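To be precise, the following lines are model16.cif, and they hold mmCIF, C-alpha atoms and all ligand atoms.
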```
data_final
#
loop_
_atom_site.group_PDB
_atom_site.id
_atom_site.type_symbol
_atom_site.label_atom_id
_atom_site.label_comp_id
_atom_site.auth_asym_id
_atom_site.auth_seq_id
_atom_site.Cartn_x
_atom_site.Cartn_y
_atom_site.Cartn_z
ATOM 1 C CA MET A 3 19.715 -4.357 -3.397
ATOM 2 C CA ALA A 4 16.973 -4.367 -6.007
ATOM 3 C CA VAL A 5 15.174 -7.638 -6.722
ATOM 4 C CA THR A 6 15.676 -8.899 -10.269
ATOM 5 C CA ILE A 7 14.173 -11.736 -12.276
ATOM 6 C CA GLN A 8 17.555 -13.502 -12.202
ATOM 7 C CA LYS A 9 17.566 -13.338 -8.379
ATOM 8 C CA LEU A 10 14.043 -14.797 -8.188
ATOM 9 C CA ILE A 11 15.092 -17.762 -10.326
ATOM 10 C CA ALA A 12 18.244 -18.264 -8.210
ATOM 11 C CA TRP A 13 16.129 -18.138 -5.034
ATOM 12 C CA LYS A 14 14.031 -21.014 -6.379
ATOM 13 C CA GLN A 15 17.189 -23.066 -6.881
ATOM 14 C CA GLN A 16 18.391 -22.115 -3.377
ATOM 15 C CA LYS A 17 14.941 -22.935 -1.915
ATOM 16 C CA ARG A 18 14.670 -19.438 -0.427
ATOM 17 C CA PRO A 19 10.929 -18.677 -0.189
ATOM 18 C CA ILE A 20 9.764 -15.694 -2.262
ATOM 19 C CA VAL A 21 7.434 -13.218 -0.543
ATOM 20 C CA SER A 22 4.874 -11.248 -2.505
ATOM 21 C CA LEU A 23 1.989 -8.911 -1.672
ATOM 22 C CA THR A 24 -0.287 -6.658 -3.680
ATOM 23 C CA ALA A 25 -0.276 -2.850 -3.536
ATOM 24 C CA TRP A 26 -2.519 -0.187 -5.048
ATOM 25 C CA ASP A 27 -1.095 3.135 -3.864
ATOM 26 C CA TYR A 28 2.059 4.990 -2.814
ATOM 27 C CA PRO A 29 1.952 4.679 1.011
ATOM 28 C CA ILE A 30 1.100 0.966 0.953
ATOM 29 C CA ALA A 31 3.934 0.392 -1.537
ATOM 30 C CA GLN A 32 6.411 2.307 0.660
ATOM 31 C CA ILE A 33 5.452 0.294 3.760
ATOM 32 C CA LEU A 34 5.713 -3.029 1.896
ATOM 33 C CA ASP A 35 9.098 -2.141 0.435
ATOM 34 C CA GLU A 36 10.703 -0.778 3.611
ATOM 35 C CA GLY A 37 13.658 -2.916 4.682
ATOM 36 C CA GLY A 38 13.260 -5.221 1.698
ATOM 37 C CA LYS A 39 10.483 -7.225 3.396
ATOM 38 C CA ILE A 40 8.637 -8.017 0.180
ATOM 39 C CA ASP A 41 10.347 -9.431 -2.929
ATOM 40 C CA ILE A 42 7.573 -8.954 -5.522
ATOM 41 C CA ILE A 43 4.993 -6.175 -5.218
ATOM 42 C CA LEU A 44 2.054 -6.926 -7.461
ATOM 43 C CA VAL A 45 -0.306 -4.218 -8.635
ATOM 44 C CA GLY A 46 -3.028 -6.815 -8.983
ATOM 45 C CA ASP A 47 -6.285 -6.156 -10.770
ATOM 46 C CA SER A 48 -7.866 -7.161 -7.430
ATOM 47 C CA LEU A 49 -7.562 -3.408 -6.838
ATOM 48 C CA ALA A 50 -10.838 -3.237 -8.786
ATOM 49 C CA MET A 51 -12.462 -4.846 -5.735
ATOM 50 C CA VAL A 52 -10.304 -3.738 -2.790
ATOM 51 C CA ALA A 53 -9.642 -0.138 -3.850
ATOM 52 C CA LEU A 54 -12.369 0.762 -6.354
ATOM 53 C CA GLY A 55 -15.388 -1.063 -4.907
ATOM 54 C CA HIS A 56 -16.254 -3.257 -7.899
ATOM 55 C CA GLN A 57 -17.820 -6.717 -7.411
ATOM 56 C CA THR A 58 -15.248 -8.457 -9.659
ATOM 57 C CA THR A 59 -11.892 -7.606 -11.275
ATOM 58 C CA LEU A 60 -13.489 -7.246 -14.721
ATOM 59 C CA PRO A 61 -14.379 -3.526 -14.808
ATOM 60 C CA VAL A 62 -10.923 -2.076 -14.074
ATOM 61 C CA THR A 63 -9.408 -0.353 -17.112
ATOM 62 C CA LEU A 64 -5.843 -0.211 -18.376
ATOM 63 C CA ASP A 65 -5.733 3.537 -17.642
ATOM 64 C CA GLU A 66 -6.800 2.884 -14.037
ATOM 65 C CA MET A 67 -4.174 0.128 -13.622
ATOM 66 C CA ILE A 68 -1.507 2.443 -15.034
ATOM 67 C CA HIS A 69 -2.582 5.273 -12.715
ATOM 68 C CA HIS A 70 -2.273 3.019 -9.621
ATOM 69 C CA ALA A 71 0.848 1.160 -10.806
ATOM 70 C CA ALA A 72 2.737 4.418 -11.369
ATOM 71 C CA ALA A 73 1.905 5.506 -7.797
ATOM 72 C CA VAL A 74 3.047 2.126 -6.416
ATOM 73 C CA ARG A 75 6.252 2.235 -8.448
ATOM 74 C CA ARG A 76 7.093 5.685 -7.029
ATOM 75 C CA GLY A 77 6.985 4.153 -3.540
ATOM 76 C CA VAL A 78 9.298 1.207 -4.260
ATOM 77 C CA LYS A 79 13.095 1.094 -4.210
ATOM 78 C CA GLN A 80 13.877 -2.613 -3.881
ATOM 79 C CA ALA A 81 11.058 -4.988 -4.789
ATOM 80 C CA LEU A 82 10.278 -6.130 -8.312
ATOM 81 C CA VAL A 83 7.025 -4.385 -9.253
ATOM 82 C CA VAL A 84 4.645 -6.332 -11.497
ATOM 83 C CA CYS A 85 1.374 -4.950 -12.898
ATOM 84 C CA ASP A 86 -1.653 -7.011 -13.965
ATOM 85 C CA LEU A 87 -3.000 -6.516 -17.466
ATOM 86 C CA PRO A 88 -6.747 -6.172 -16.919
ATOM 87 C CA PHE A 89 -9.527 -8.144 -18.585
ATOM 88 C CA LEU A 90 -9.681 -7.771 -22.387
ATOM 89 C CA THR A 91 -6.530 -5.688 -22.696
ATOM 90 C CA TYR A 92 -4.449 -8.632 -23.991
ATOM 91 C CA GLN A 93 -6.810 -11.390 -25.167
ATOM 92 C CA GLU A 94 -7.981 -9.855 -28.457
ATOM 93 C CA SER A 95 -4.686 -10.124 -30.336
ATOM 94 C CA VAL A 96 -0.936 -10.242 -29.871
ATOM 95 C CA SER A 97 -0.685 -6.624 -31.005
ATOM 96 C CA GLN A 98 -3.252 -5.551 -28.385
ATOM 97 C CA ALA A 99 -1.160 -7.328 -25.718
ATOM 98 C CA ILE A 100 2.073 -5.690 -26.900
ATOM 99 C CA HIS A 101 0.391 -2.280 -26.896
ATOM 100 C CA SER A 102 -1.051 -2.757 -23.371
ATOM 101 C CA ALA A 103 2.111 -4.250 -21.856
ATOM 102 C CA GLY A 104 4.251 -1.610 -23.555
ATOM 103 C CA ARG A 105 2.123 1.164 -22.058
ATOM 104 C CA VAL A 106 2.471 -0.381 -18.588
ATOM 105 C CA LEU A 107 6.261 -0.578 -18.800
ATOM 106 C CA LYS A 108 6.694 2.876 -20.369
ATOM 107 C CA GLU A 109 4.156 4.804 -18.279
ATOM 108 C CA THR A 110 4.599 3.197 -14.835
ATOM 109 C CA GLY A 111 8.206 2.041 -14.577
ATOM 110 C CA CYS A 112 7.021 -1.448 -13.558
ATOM 111 C CA ALA A 113 9.413 -4.265 -14.482
ATOM 112 C CA ALA A 114 6.885 -6.808 -15.719
ATOM 113 C CA VAL A 115 3.248 -7.570 -16.464
ATOM 114 C CA LYS A 116 1.082 -10.454 -15.296
ATOM 115 C CA LEU A 117 -1.688 -12.004 -17.352
ATOM 116 C CA GLU A 118 -4.112 -14.826 -16.690
ATOM 117 C CA GLY A 119 -4.523 -18.253 -18.275
ATOM 118 C CA GLY A 120 -2.386 -20.776 -20.108
ATOM 119 C CA HIS A 121 -4.501 -21.519 -23.187
ATOM 120 C CA PRO A 122 -2.313 -21.947 -26.332
ATOM 121 C CA ALA A 123 -3.422 -18.480 -27.557
ATOM 122 C CA ILE A 124 -2.188 -16.936 -24.301
ATOM 123 C CA ALA A 125 1.090 -18.879 -24.489
ATOM 124 C CA GLU A 126 1.558 -17.550 -28.026
ATOM 125 C CA THR A 127 1.015 -13.995 -26.761
ATOM 126 C CA VAL A 128 3.475 -14.547 -23.896
ATOM 127 C CA ALA A 129 6.097 -15.830 -26.360
ATOM 128 C CA LYS A 130 5.734 -12.635 -28.425
ATOM 129 C CA LEU A 131 5.872 -10.333 -25.400
ATOM 130 C CA THR A 132 8.975 -11.999 -23.984
ATOM 131 C CA ALA A 133 10.626 -12.019 -27.445
ATOM 132 C CA PHE A 134 10.213 -8.234 -27.448
ATOM 133 C CA GLY A 135 11.839 -7.949 -24.007
ATOM 134 C CA ILE A 136 8.700 -7.592 -21.906
ATOM 135 C CA PRO A 137 8.937 -9.798 -18.791
ATOM 136 C CA VAL A 138 5.723 -11.715 -18.106
ATOM 137 C CA MET A 139 4.395 -13.483 -15.028
ATOM 138 C CA GLY A 140 1.782 -16.192 -15.628
ATOM 139 C CA HIS A 141 -1.299 -17.016 -13.550
ATOM 140 C CA VAL A 142 -3.153 -20.372 -13.675
ATOM 141 C CA GLY A 143 -5.677 -22.294 -11.589
ATOM 142 C CA LEU A 144 -8.413 -19.975 -10.374
ATOM 143 C CA THR A 145 -8.169 -17.003 -12.723
ATOM 144 C CA PRO A 146 -10.514 -14.281 -11.402
ATOM 145 C CA GLN A 147 -10.962 -12.676 -14.842
ATOM 146 C CA SER A 148 -12.867 -15.886 -15.742
ATOM 147 C CA VAL A 149 -15.134 -15.672 -12.687
ATOM 148 C CA HIS A 150 -18.309 -15.911 -14.775
ATOM 149 C CA ARG A 151 -17.099 -19.262 -16.170
ATOM 150 C CA LEU A 152 -15.212 -20.693 -13.162
ATOM 151 C CA GLY A 153 -16.674 -18.990 -10.083
ATOM 152 C CA TYR A 154 -14.278 -18.578 -7.159
ATOM 153 C CA LYS A 155 -14.047 -22.300 -6.381
ATOM 154 C CA GLN A 156 -10.882 -24.392 -6.172
ATOM 155 C CA GLN A 157 -9.605 -25.575 -9.569
ATOM 156 C CA GLY A 158 -7.727 -28.764 -10.502
ATOM 157 C CA LYS A 159 -9.656 -31.194 -8.328
ATOM 158 C CA THR A 160 -10.291 -33.779 -11.073
ATOM 159 C CA PHE A 161 -7.518 -35.589 -12.954
ATOM 160 C CA ASP A 162 -8.418 -33.848 -16.251
ATOM 161 C CA GLU A 163 -8.500 -30.389 -14.695
ATOM 162 C CA ALA A 164 -5.205 -31.005 -12.901
ATOM 163 C CA GLN A 165 -3.608 -32.220 -16.146
ATOM 164 C CA ARG A 166 -4.871 -29.123 -17.970
ATOM 165 C CA ILE A 167 -3.427 -26.780 -15.334
ATOM 166 C CA LEU A 168 -0.091 -28.637 -15.411
ATOM 167 C CA ASP A 169 -0.057 -28.373 -19.235
ATOM 168 C CA GLU A 170 -0.856 -24.655 -19.051
ATOM 169 C CA ALA A 171 1.960 -24.009 -16.563
ATOM 170 C CA THR A 172 4.398 -25.956 -18.746
ATOM 171 C CA ALA A 173 3.293 -24.079 -21.877
ATOM 172 C CA LEU A 174 3.706 -20.725 -20.120
ATOM 173 C CA TYR A 175 7.192 -21.717 -18.956
ATOM 174 C CA SER A 176 8.110 -22.724 -22.540
ATOM 175 C CA ALA A 177 6.715 -19.385 -23.768
ATOM 176 C CA GLY A 178 9.101 -17.530 -21.460
ATOM 177 C CA VAL A 179 7.294 -16.445 -18.262
ATOM 178 C CA PHE A 180 9.709 -15.809 -15.378
ATOM 179 C CA ALA A 181 7.276 -16.942 -12.642
ATOM 180 C CA ILE A 182 3.743 -18.301 -12.355
ATOM 181 C CA VAL A 183 1.021 -17.548 -9.819
ATOM 182 C CA LEU A 184 -0.841 -20.736 -8.841
ATOM 183 C CA GLU A 185 -4.210 -19.731 -7.421
ATOM 184 C CA HIS A 186 -6.573 -21.934 -5.386
ATOM 185 C CA ILE A 187 -5.441 -25.376 -6.543
ATOM 186 C CA PRO A 188 -4.711 -28.494 -4.463
ATOM 187 C CA SER A 189 -1.361 -28.444 -2.692
ATOM 188 C CA ASP A 190 -0.190 -31.709 -4.304
ATOM 189 C CA LEU A 191 -0.853 -30.308 -7.800
ATOM 190 C CA ALA A 192 1.115 -27.156 -6.874
ATOM 191 C CA ALA A 193 3.958 -29.409 -5.687
ATOM 192 C CA ILE A 194 4.014 -31.267 -9.033
ATOM 193 C CA ILE A 195 4.086 -28.012 -11.035
ATOM 194 C CA THR A 196 6.745 -26.518 -8.738
ATOM 195 C CA ALA A 197 8.965 -29.579 -9.191
ATOM 196 C CA LYS A 198 8.445 -29.685 -12.960
ATOM 197 C CA ILE A 199 9.215 -26.112 -14.023
ATOM 198 C CA PRO A 200 12.516 -24.357 -13.281
ATOM 199 C CA ILE A 201 10.973 -20.947 -12.644
ATOM 200 C CA PRO A 202 9.346 -19.821 -9.367
ATOM 201 C CA THR A 203 5.751 -20.712 -8.558
ATOM 202 C CA ILE A 204 4.009 -18.182 -6.332
ATOM 203 C CA GLY A 205 1.044 -19.700 -4.542
ATOM 204 C CA ILE A 206 -2.176 -18.178 -3.304
ATOM 205 C CA GLY A 207 -4.389 -20.838 -1.787
ATOM 206 C CA ALA A 208 -2.109 -23.493 -3.301
ATOM 207 C CA GLY A 209 -0.429 -24.879 -0.178
ATOM 208 C CA VAL A 210 3.042 -24.777 1.241
ATOM 209 C CA ASN A 211 4.903 -26.456 -1.622
ATOM 210 C CA CYS A 212 5.194 -23.400 -3.896
ATOM 211 C CA ASP A 213 8.432 -21.425 -4.235
ATOM 212 C CA GLY A 214 6.724 -18.357 -2.778
ATOM 213 C CA GLN A 215 3.435 -16.997 -1.494
ATOM 214 C CA VAL A 216 1.323 -13.997 -2.425
ATOM 215 C CA LEU A 217 -1.730 -12.532 -0.702
ATOM 216 C CA VAL A 218 -3.883 -9.477 -1.265
ATOM 217 C CA THR A 219 -2.590 -6.841 1.167
ATOM 218 C CA ALA A 220 -6.080 -5.561 1.998
ATOM 219 C CA ASP A 221 -6.855 -9.108 3.254
ATOM 220 C CA ILE A 222 -3.783 -9.451 5.489
ATOM 221 C CA LEU A 223 -4.506 -6.004 6.938
ATOM 222 C CA GLY A 224 -8.153 -6.799 7.650
ATOM 223 C CA LEU A 225 -9.382 -4.003 5.381
ATOM 224 C CA THR A 226 -11.693 -6.158 3.295
ATOM 225 C CA GLU A 227 -15.190 -6.988 4.543
ATOM 226 C CA LYS A 228 -14.662 -10.676 3.729
ATOM 227 C CA HIS A 229 -11.703 -12.530 2.321
ATOM 228 C CA PRO A 230 -11.174 -15.893 0.586
ATOM 229 C CA PRO A 231 -10.815 -18.976 2.828
ATOM 230 C CA PHE A 232 -7.089 -19.307 2.076
ATOM 231 C CA ALA A 233 -6.216 -15.727 3.087
ATOM 232 C CA LYS A 234 -5.161 -14.690 6.591
ATOM 233 C CA SER A 235 -5.610 -11.368 8.401
ATOM 234 C CA TYR A 236 -2.643 -10.361 10.557
ATOM 235 C CA VAL A 237 -4.369 -7.257 11.939
ATOM 236 C CA ASN A 238 -7.876 -5.767 11.851
ATOM 237 C CA LEU A 239 -7.277 -2.321 10.339
ATOM 238 C CA ARG A 240 -11.006 -1.826 9.706
ATOM 239 C CA GLU A 241 -11.539 -1.894 13.469
ATOM 240 C CA ILE A 242 -8.512 0.301 14.213
ATOM 241 C CA ILE A 243 -9.483 2.901 11.596
ATOM 242 C CA THR A 244 -13.120 2.886 12.726
ATOM 243 C CA ARG A 245 -11.976 3.596 16.294
ATOM 244 C CA ALA A 246 -9.645 6.418 15.181
ATOM 245 C CA VAL A 247 -12.323 8.031 12.994
ATOM 246 C CA GLY A 248 -14.869 7.737 15.817
ATOM 247 C CA ASP A 249 -12.413 9.309 18.330
ATOM 248 C CA PHE A 250 -11.749 12.219 15.934
ATOM 249 C CA ALA A 251 -15.474 12.824 15.366
ATOM 250 C CA THR A 252 -16.162 12.727 19.124
ATOM 251 C CA GLU A 253 -13.325 15.160 19.896
ATOM 252 C CA VAL A 254 -14.411 17.637 17.195
ATOM 253 C CA ARG A 255 -18.025 17.548 18.405
ATOM 254 C CA SER A 256 -16.977 18.018 22.030
ATOM 255 C CA ARG A 257 -14.459 20.747 21.030
ATOM 256 C CA GLU A 258 -11.672 18.683 22.597
ATOM 257 C CA PHE A 259 -9.798 18.935 19.271
ATOM 258 C CA PRO A 260 -8.038 21.144 18.334
ATOM 259 C CA LYS A 261 -6.483 22.217 21.627
HETATM 260 O O1 LIG A 301 -5.104 -9.376 -8.683
HETATM 261 C C1 LIG A 301 -4.449 -9.896 -7.763
HETATM 262 O O2 LIG A 301 -4.332 -9.361 -6.650
HETATM 263 C C2 LIG A 301 -3.805 -11.174 -8.047
HETATM 264 C C3 LIG A 301 -3.259 -11.928 -6.870
HETATM 265 C C4 LIG A 301 -4.364 -12.422 -6.061
HETATM 266 C C5 LIG A 301 -2.342 -12.998 -7.304
HETATM 267 O O3 LIG A 301 -3.759 -11.589 -9.156
#
```

Can you dump the structure from the file as structure tokens?
Amino acid sequence: MAVTIQKLIAWKQQKRPIVSLTAWDYPIAQILDEGGKIDIILVGDSLAMVALGHQTTLPVTLDEMIHHAAAVRRGVKQALVVCDLPFLTYQESVSQAIHSAGRVLKETGCAAVKLEGGHPAIAETVAKLTAFGIPVMGHVGLTPQSVHRLGYKQQGKTFDEAQRILDEATALYSAGVFAIVLEHIPSDLAAIITAKIPIPTIGIGAGVNCDGQVLVTADILGLTEKHPPFAKSYVNLREIITRAVGDFATEVRSREFPK
């Protein structure tokens, strides 16, 4: 049964944890979706770093996101697929955001877009997008598109910062987002936001009190060279792939393969 926005909101009420991972291509998407393991598959702009080799998420373009999101969407039957709007494809104006989000929905088949920040200008954009029927996921706390201003450090540690993040989450909820990613904030702040807003909070480095959790799939698979302190690797695919590639090279050189 396909995951819908209505189901996600019901799962919050039922206290059923929501599971989310990122994907950037067709085979990864198929594996994540098999057996309905993952509820939300996010084509995150982290693909700039984990799939395209950039130092930050900033360089990835809308065309590149659409290219990857369409491949992911072709691999998914059940999960809700959400695609990030990359840096400076929604901040300039409401009409730029509508154009970018519209392209994502039309050209990829994804069900929703995610954008970063909860500044009043962003909330205004979200209100317009949702009024036109485009589902939006919010993202507050550490917002990697602002890395040059924020760095990658935990956000919301002071009272003022925590209040600002709470206000942003509330404003995004009022503007119509169906869920909010809370990234790298203290667990007690995530608990306050989760209790205050009636839509799901999906945490990444935000403790156990969120309605769901998301991680970057390349991190859980051990594909990335280093991962953030809050991520966890469940397998070391770098090692496994290195061994397989080495075995193949050895067998070709020794004429053991092909038989
Ligand atoms: O780009 C991404 O992968 C994300 C997740 C880390 C939430 O935004």

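The residues sitting within 6 Å of ligand LIG 301 (chain A), with all atoms listed in the file considered, come out as Thr24, Gly46, Asp47, Ser48, Leu217 and Val218 of chain A.
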
| request: Quick one: everything within 8 Å of segment 230-235 of chain A, counting only C-alpha atoms, minus sequence neighbours fewer than 5 positions away in the same chain. Send it as a count of residues only. | output: 9

| said: Could you list, as a PyMOL selection string, every residue within 8 Å of Cys212 of chain A, counting only C-alpha atoms and ignoring same-chain residues fewer than 6 positions away? | reply: chain A and resi 192-193+196+202-205

| task | Would you list the contacts of segment 163-167 of chain A as a ChimeraX atom specification, taking every protein, DNA or RNA residue within 9 Å and counting only C-alpha atoms, but skipping same-chain residues closer than 3 positions in sequence? | result | /A:120,142-143,157-160,170-172,187-188,191,195

Output C-alpha atoms for every residue in the selection just made, as a compact mmCIF listing (two decimals), in the coordinates of the input.
```
# COMPACT_ATOMS: atom_id res chain seq x y z
CA GLY A 120 -2.39 -20.78 -20.11
CA VAL A 142 -3.15 -20.37 -13.68
CA GLY A 143 -5.68 -22.29 -11.59
CA GLN A 157 -9.60 -25.58 -9.57
CA GLY A 158 -7.73 -28.76 -10.50
CA LYS A 159 -9.66 -31.19 -8.33
CA THR A 160 -10.29 -33.78 -11.07
CA GLU A 170 -0.86 -24.66 -19.05
CA ALA A 171 1.96 -24.01 -16.56
CA THR A 172 4.40 -25.96 -18.75
CA ILE A 187 -5.44 -25.38 -6.54
CA PRO A 188 -4.71 -28.49 -4.46
CA LEU A 191 -0.85 -30.31 -7.80
CA ILE A 195 4.09 -28.01 -11.04
```

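Here the residues that fall within 12 Å of (11.3, -8.8, -23.2), using all atoms listed in the file, are given as Ile7, Ile100, Ala103, Gly104, Leu107, Ala113, Ala114, Val115, Val128, Ala129, Lys130, Leu131, Thr132, Ala133, Phe134, Gly135, Ile136, Pro137, Val138, Met139, Ala177, Gly178, Val179 and Phe180 of chain A.
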
| field | Atomic distance atom CA of Tyr28 of chain A - atom CA of Gln93 of chain A, expressed in Å with one decimal | value | 29.1 Å

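Summary of the local environment: counting only C-alpha atoms, residues at most 8 Å from Ala72 of chain A, other than itself and those fewer than 5 positions away along its chain, are Glu109, Thr110, Gly111 and Cys112 of chain A.
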
| Restricting the calculation to all atoms listed in the file, which member of A:Met3, A:Ile243, A:Ala12, A:Met51 is positioned closest to Ala220 of chain A? | A:Met51

| remark: Val83 of chain A proximity check over A:His101, A:Ser22, A:Pro122, A:Gln8, using all atoms listed in the file: winner is A:Ser22

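Note that the spacing between atom CA of Gln80 of chain A and atom CA of Ala208 of chain A amounts to 26.3 Å.
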
| Two-atom distance - atom CA of Lys198 of chain A, atom CA of Ala4 of chain A (Å) | 27.6 Å

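For the residues A:Val216, A:Ala197, A:Asp27, A:Gly153, ranking by smallest atom-to-atom distance to Leu184 of chain A using all atoms listed in the file places A:Val216 first.
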
Edge lengths and centre in Å to one decimal, as lines of an AutoDock Vina configuration file, is what I'm after for the box along x, y and z that holds all listed atoms of segment 175-193 of chain A once 4 Å is added on each side.
```
center_x = 1.6
center_y = -23.8
center_z = -13.2
size_x = 24.3
size_y = 23.9
size_z = 29.1
```

Writing all heavy atoms and nothing else, produce segment 157-165 of chain A as a PDB file, in the first residue's frame.
```pdb
ATOM      1  N   GLN A 157      22.720  23.333  16.030  1.00  0.00           N
ATOM      2  CA  GLN A 157      21.974  24.589  16.138  1.00  0.00           C
ATOM      3  C   GLN A 157      21.010  24.512  17.325  1.00  0.00           C
ATOM      4  O   GLN A 157      20.634  23.420  17.755  1.00  0.00           O
ATOM      5  CB  GLN A 157      21.178  24.833  14.847  1.00  0.00           C
ATOM      6  CG  GLN A 157      22.043  24.896  13.601  1.00  0.00           C
ATOM      7  CD  GLN A 157      22.994  26.072  13.611  1.00  0.00           C
ATOM      8  OE1 GLN A 157      22.596  27.227  13.731  1.00  0.00           O
ATOM      9  NE2 GLN A 157      24.282  25.777  13.499  1.00  0.00           N
ATOM     10  N   GLY A 158      20.585  25.686  17.820  1.00  0.00           N
ATOM     11  CA  GLY A 158      19.548  25.717  18.860  1.00  0.00           C
ATOM     12  C   GLY A 158      20.062  25.483  20.257  1.00  0.00           C
ATOM     13  O   GLY A 158      19.311  25.039  21.131  1.00  0.00           O
ATOM     14  N   LYS A 159      21.343  25.779  20.485  1.00  0.00           N
ATOM     15  CA  LYS A 159      21.908  25.519  21.817  1.00  0.00           C
ATOM     16  C   LYS A 159      21.593  26.647  22.802  1.00  0.00           C
ATOM     17  O   LYS A 159      21.487  26.420  23.995  1.00  0.00           O
ATOM     18  CB  LYS A 159      23.418  25.313  21.719  1.00  0.00           C
ATOM     19  CG  LYS A 159      23.763  23.979  21.076  1.00  0.00           C
ATOM     20  CD  LYS A 159      25.005  23.362  21.629  1.00  0.00           C
ATOM     21  CE  LYS A 159      26.233  23.872  20.944  1.00  0.00           C
ATOM     22  NZ  LYS A 159      27.348  22.932  20.945  1.00  0.00           N
ATOM     23  N   THR A 160      21.457  27.896  22.298  1.00  0.00           N
ATOM     24  CA  THR A 160      21.117  28.994  23.202  1.00  0.00           C
ATOM     25  C   THR A 160      19.592  29.158  23.211  1.00  0.00           C
ATOM     26  O   THR A 160      18.902  28.686  22.297  1.00  0.00           O
ATOM     27  CB  THR A 160      21.741  30.327  22.726  1.00  0.00           C
ATOM     28  OG1 THR A 160      21.122  30.680  21.473  1.00  0.00           O
ATOM     29  CG2 THR A 160      23.236  30.206  22.522  1.00  0.00           C
ATOM     30  N   PHE A 161      19.104  29.880  24.224  1.00  0.00           N
ATOM     31  CA  PHE A 161      17.647  30.077  24.339  1.00  0.00           C
ATOM     32  C   PHE A 161      17.114  30.783  23.092  1.00  0.00           C
ATOM     33  O   PHE A 161      16.093  30.380  22.524  1.00  0.00           O
ATOM     34  CB  PHE A 161      17.330  30.889  25.601  1.00  0.00           C
ATOM     35  CG  PHE A 161      15.857  31.152  25.740  1.00  0.00           C
ATOM     36  CD1 PHE A 161      15.011  30.194  26.305  1.00  0.00           C
ATOM     37  CD2 PHE A 161      15.305  32.343  25.271  1.00  0.00           C
ATOM     38  CE1 PHE A 161      13.640  30.421  26.385  1.00  0.00           C
ATOM     39  CE2 PHE A 161      13.934  32.570  25.360  1.00  0.00           C
ATOM     40  CZ  PHE A 161      13.107  31.615  25.922  1.00  0.00           C
ATOM     41  N   ASP A 162      17.821  31.841  22.648  1.00  0.00           N
ATOM     42  CA  ASP A 162      17.344  32.620  21.485  1.00  0.00           C
ATOM     43  C   ASP A 162      17.297  31.785  20.211  1.00  0.00           C
ATOM     44  O   ASP A 162      16.345  31.851  19.438  1.00  0.00           O
ATOM     45  CB  ASP A 162      18.246  33.847  21.256  1.00  0.00           C
ATOM     46  CG  ASP A 162      17.993  34.913  22.310  1.00  0.00           C
ATOM     47  OD1 ASP A 162      17.049  34.737  23.114  1.00  0.00           O
ATOM     48  OD2 ASP A 162      18.748  35.903  22.336  1.00  0.00           O
ATOM     49  N   GLU A 163      18.362  31.000  20.022  1.00  0.00           N
ATOM     50  CA  GLU A 163      18.410  30.136  18.822  1.00  0.00           C
ATOM     51  C   GLU A 163      17.293  29.105  18.869  1.00  0.00           C
ATOM     52  O   GLU A 163      16.625  28.841  17.857  1.00  0.00           O
ATOM     53  CB  GLU A 163      19.739  29.373  18.803  1.00  0.00           C
ATOM     54  CG  GLU A 163      20.774  29.911  17.854  1.00  0.00           C
ATOM     55  CD  GLU A 163      22.004  28.993  17.831  1.00  0.00           C
ATOM     56  OE1 GLU A 163      21.877  27.763  17.957  1.00  0.00           O
ATOM     57  OE2 GLU A 163      23.115  29.544  17.716  1.00  0.00           O
ATOM     58  N   ALA A 164      17.097  28.518  20.056  1.00  0.00           N
ATOM     59  CA  ALA A 164      16.054  27.490  20.199  1.00  0.00           C
ATOM     60  C   ALA A 164      14.679  28.097  19.923  1.00  0.00           C
ATOM     61  O   ALA A 164      13.847  27.510  19.219  1.00  0.00           O
ATOM     62  CB  ALA A 164      16.111  26.883  21.597  1.00  0.00           C
ATOM     63  N   GLN A 165      14.467  29.313  20.444  1.00  0.00           N
ATOM     64  CA  GLN A 165      13.179  29.996  20.235  1.00  0.00           C
ATOM     65  C   GLN A 165      12.974  30.265  18.742  1.00  0.00           C
ATOM     66  O   GLN A 165      11.869  30.072  18.205  1.00  0.00           O
ATOM     67  CB  GLN A 165      13.168  31.317  21.025  1.00  0.00           C
ATOM     68  CG  GLN A 165      11.839  32.060  20.976  1.00  0.00           C
ATOM     69  CD  GLN A 165      10.701  31.266  21.623  1.00  0.00           C
ATOM     70  OE1 GLN A 165      10.824  30.848  22.772  1.00  0.00           O
ATOM     71  NE2 GLN A 165       9.624  31.038  20.879  1.00  0.00           N
TER      72      GLN A 165
END
```
